[in-house]
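A.B. asks: Please see the structure below; I have some questions.
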Amino acid sequence: VQLQASGGGLVQAGGSLTLSCEASGRTFSIYNMGWFRQAPGKEREFVAAIRWKDAYTYYADSVKGRFTISRDNAKNTVHLQMISLKPEDTAVYYCAADLPPRSILSALRTPASYDYWGQGTQVTVSS
């Protein structure tokens, strides 16, 4: 499985960006997918996840209400729509795939639960 993330960039506080992650493989529809981010000097942190079997979504408290994760199984793509961006959202954003998919939702917030990772895309929010 290969993941290709795109859509990062520089945006002013209050602005918006949409990240995309395209996955290889014919079984994308059964991947749990997640987004994580890592700021300089900090650990990688969970942002959002979407479960394969029912498209249930799960968010970190810090992004709830501002970020939306979605998936298009026909295009093997997962998106992260980000609005009302804040300077503290600045980080490298990574998409990740959990395959075979775990059934426990809480496991999806842990990087170790994911088996495949994209290369990361930089998001910079200026104040």
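So you can find residues: chains in the structure tokens are A, B, ... in the order shown, residues in each start at 1, and ligands are numbered from 1 in order.
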Near A:Ala107, within 12 Å and counting only C-alpha atoms, which residues show up once chain neighbours fewer than 5 positions away are dropped, as an MDAnalysis selection string?

C.D. replies: chainID A and resid 32:34 46 48:51 58 98 101:102 112:114

A.B. asks: Could you find all residues in stretch 58-127 of chain A that DSSP calls strand (DSSP E or B) from the backbone, and write them as a PyMOL selection string?

C.D. replies: chain A and resi 58-59+67-72+77-82+91-98+116-117+121-126

A.B. asks: Distance atom CA of A:Gln2-atom CA of A:Tyr31, one decimal place?

C.D. replies: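 Rounded to one decimal, the two atoms are 12.2 Å apart.
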
A.B. asks: My list of candidates is A:Ser70, A:Tyr116, A:Leu17, A:Ser84. Which is closest to A:Asp54 when distances are computed with only C-alpha atoms?

C.D. replies: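 That would be A:Ser70, the residue with the smallest distance to A:Asp54.
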
A.B. asks: For A:Asp115, find every residue with an atom within 9 Å (counting only C-alpha atoms), except residues of its own chain fewer than 6 positions away, and show them as an MDAnalysis selection string.

C.D. replies: chainID A and resid 96:100

A.B. asks: Determine the nearest neighbour of A:Ser16 from the options A:His79, A:Lys64, A:Lys53, A:Lys86, counting only C-alpha atoms.

C.D. replies: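 Among the listed residues, the smallest separation from A:Ser16 belongs to A:Lys86.
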
A.B. asks: I want to know what sits within 6 Å of A:Thr77, based on only C-alpha atoms, with residues of the same chain fewer than 4 positions away left out; could you give that as JSON, numbers by chain?

C.D. replies: {"A": [21, 22, 71, 72]}

A.B. asks: May I have the residues from that selection written out with all heavy atoms, as a compact mmCIF listing (two decimals), in the first residue's frame?

C.D. replies:
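Once written, out.txt looks like this:
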```
# COMPACT_ATOMS: atom_id res chain seq x y z
N CYS A 21 -5.36 12.46 0.31
CA CYS A 21 -4.44 11.34 0.41
C CYS A 21 -4.97 10.24 -0.51
O CYS A 21 -6.06 9.71 -0.29
CB CYS A 21 -4.35 10.85 1.84
SG CYS A 21 -3.31 9.39 2.07
N GLU A 22 -4.18 9.93 -1.52
CA GLU A 22 -4.57 8.89 -2.46
C GLU A 22 -3.82 7.61 -2.12
O GLU A 22 -2.61 7.62 -1.91
CB GLU A 22 -4.27 9.31 -3.89
CG GLU A 22 -4.76 8.31 -4.93
CD GLU A 22 -4.59 8.81 -6.35
OE1 GLU A 22 -4.15 9.96 -6.53
OE2 GLU A 22 -4.90 8.04 -7.28
N ARG A 71 -14.10 10.28 2.89
CA ARG A 71 -13.43 9.36 1.99
C ARG A 71 -14.25 9.15 0.73
O ARG A 71 -15.48 9.23 0.76
CB ARG A 71 -13.14 8.02 2.68
CG ARG A 71 -14.36 7.22 3.07
CD ARG A 71 -13.97 6.05 3.97
NE ARG A 71 -13.05 5.14 3.32
CZ ARG A 71 -12.22 4.33 3.98
NH1 ARG A 71 -12.20 4.33 5.30
NH2 ARG A 71 -11.43 3.51 3.31
N ASP A 72 -13.55 8.89 -0.36
CA ASP A 72 -14.17 8.56 -1.64
C ASP A 72 -13.58 7.23 -2.07
O ASP A 72 -12.48 7.18 -2.62
CB ASP A 72 -13.88 9.67 -2.65
CG ASP A 72 -14.57 9.44 -3.98
OD1 ASP A 72 -14.99 8.30 -4.25
OD2 ASP A 72 -14.68 10.39 -4.75
```

A.B. asks: For A:Ala5, which of A:Thr57, A:Gln119, A:Thr27, A:Ser127 is the closest residue, counting only C-alpha atoms?

C.D. replies: A:Gln119

A.B. asks: Show which residues sit within 8 Å of A:Gly7, as a list of chain:residue names. Count only C-alpha atoms, and ignore same-chain residues fewer than 4 positions away.

C.D. replies: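 Returned residues: A:Leu17, A:Thr18, A:Leu19, A:Ser20, A:Thr121.
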
A.B. asks: Take the residues just selected and output them with C-alpha atoms as an mmCIF file, in the first residue's frame.

C.D. replies:
```
data_model
loop_
_atom_site.group_PDB
_atom_site.id
_atom_site.type_symbol
_atom_site.label_atom_id
_atom_site.label_comp_id
_atom_site.auth_asym_id
_atom_site.auth_seq_id
_atom_site.Cartn_x
_atom_site.Cartn_y
_atom_site.Cartn_z
ATOM 1 C CA LEU A 17 -7.179 24.119 3.341
ATOM 2 C CA THR A 18 -8.167 20.679 2.150
ATOM 3 C CA LEU A 19 -5.660 17.858 2.288
ATOM 4 C CA SER A 20 -5.997 14.765 0.157
ATOM 5 C CA THR A 121 2.495 17.513 3.618
#
```

A.B. asks: Restricting the calculation to only C-alpha atoms: of A:Arg109, A:Ser29, A:Pro87, A:Asn73, which residue gets closest to A:Gly15?

C.D. replies: A:Pro87

A.B. asks: Report the distance between atom CA of A:Gln38 and atom CA of A:Tyr93 in Å, rounded to one decimal place.

C.D. replies: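 For atom CA of A:Gln38 relative to atom CA of A:Tyr93, the distance reads 6.6 Å.
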
A.B. asks: Taking into account only C-alpha atoms, which residue in the set A:Ala55, A:Val92, A:Val125, A:Ile69 is nearest to A:Arg37?

C.D. replies: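 When distances to A:Arg37 are compared using only C-alpha atoms, the smallest one comes from A:Val92.
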
A.B. asks: Pick out the residues sitting within 9 Å of A:Val63, and hand them over as a list in words; count only C-alpha atoms, and ignore anything fewer than 5 positions along from it in its own chain.

C.D. replies: Val47, Ala48, Thr68, Met82 and Asp89 of chain A

A.B. asks: If I take atom CA of A:Gly8 and atom CA of A:Trp117, how far is one from the other in Å, to one decimal?

C.D. replies: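 We find that atom CA of A:Gly8 and atom CA of A:Trp117 lie 16.2 Å from each other.
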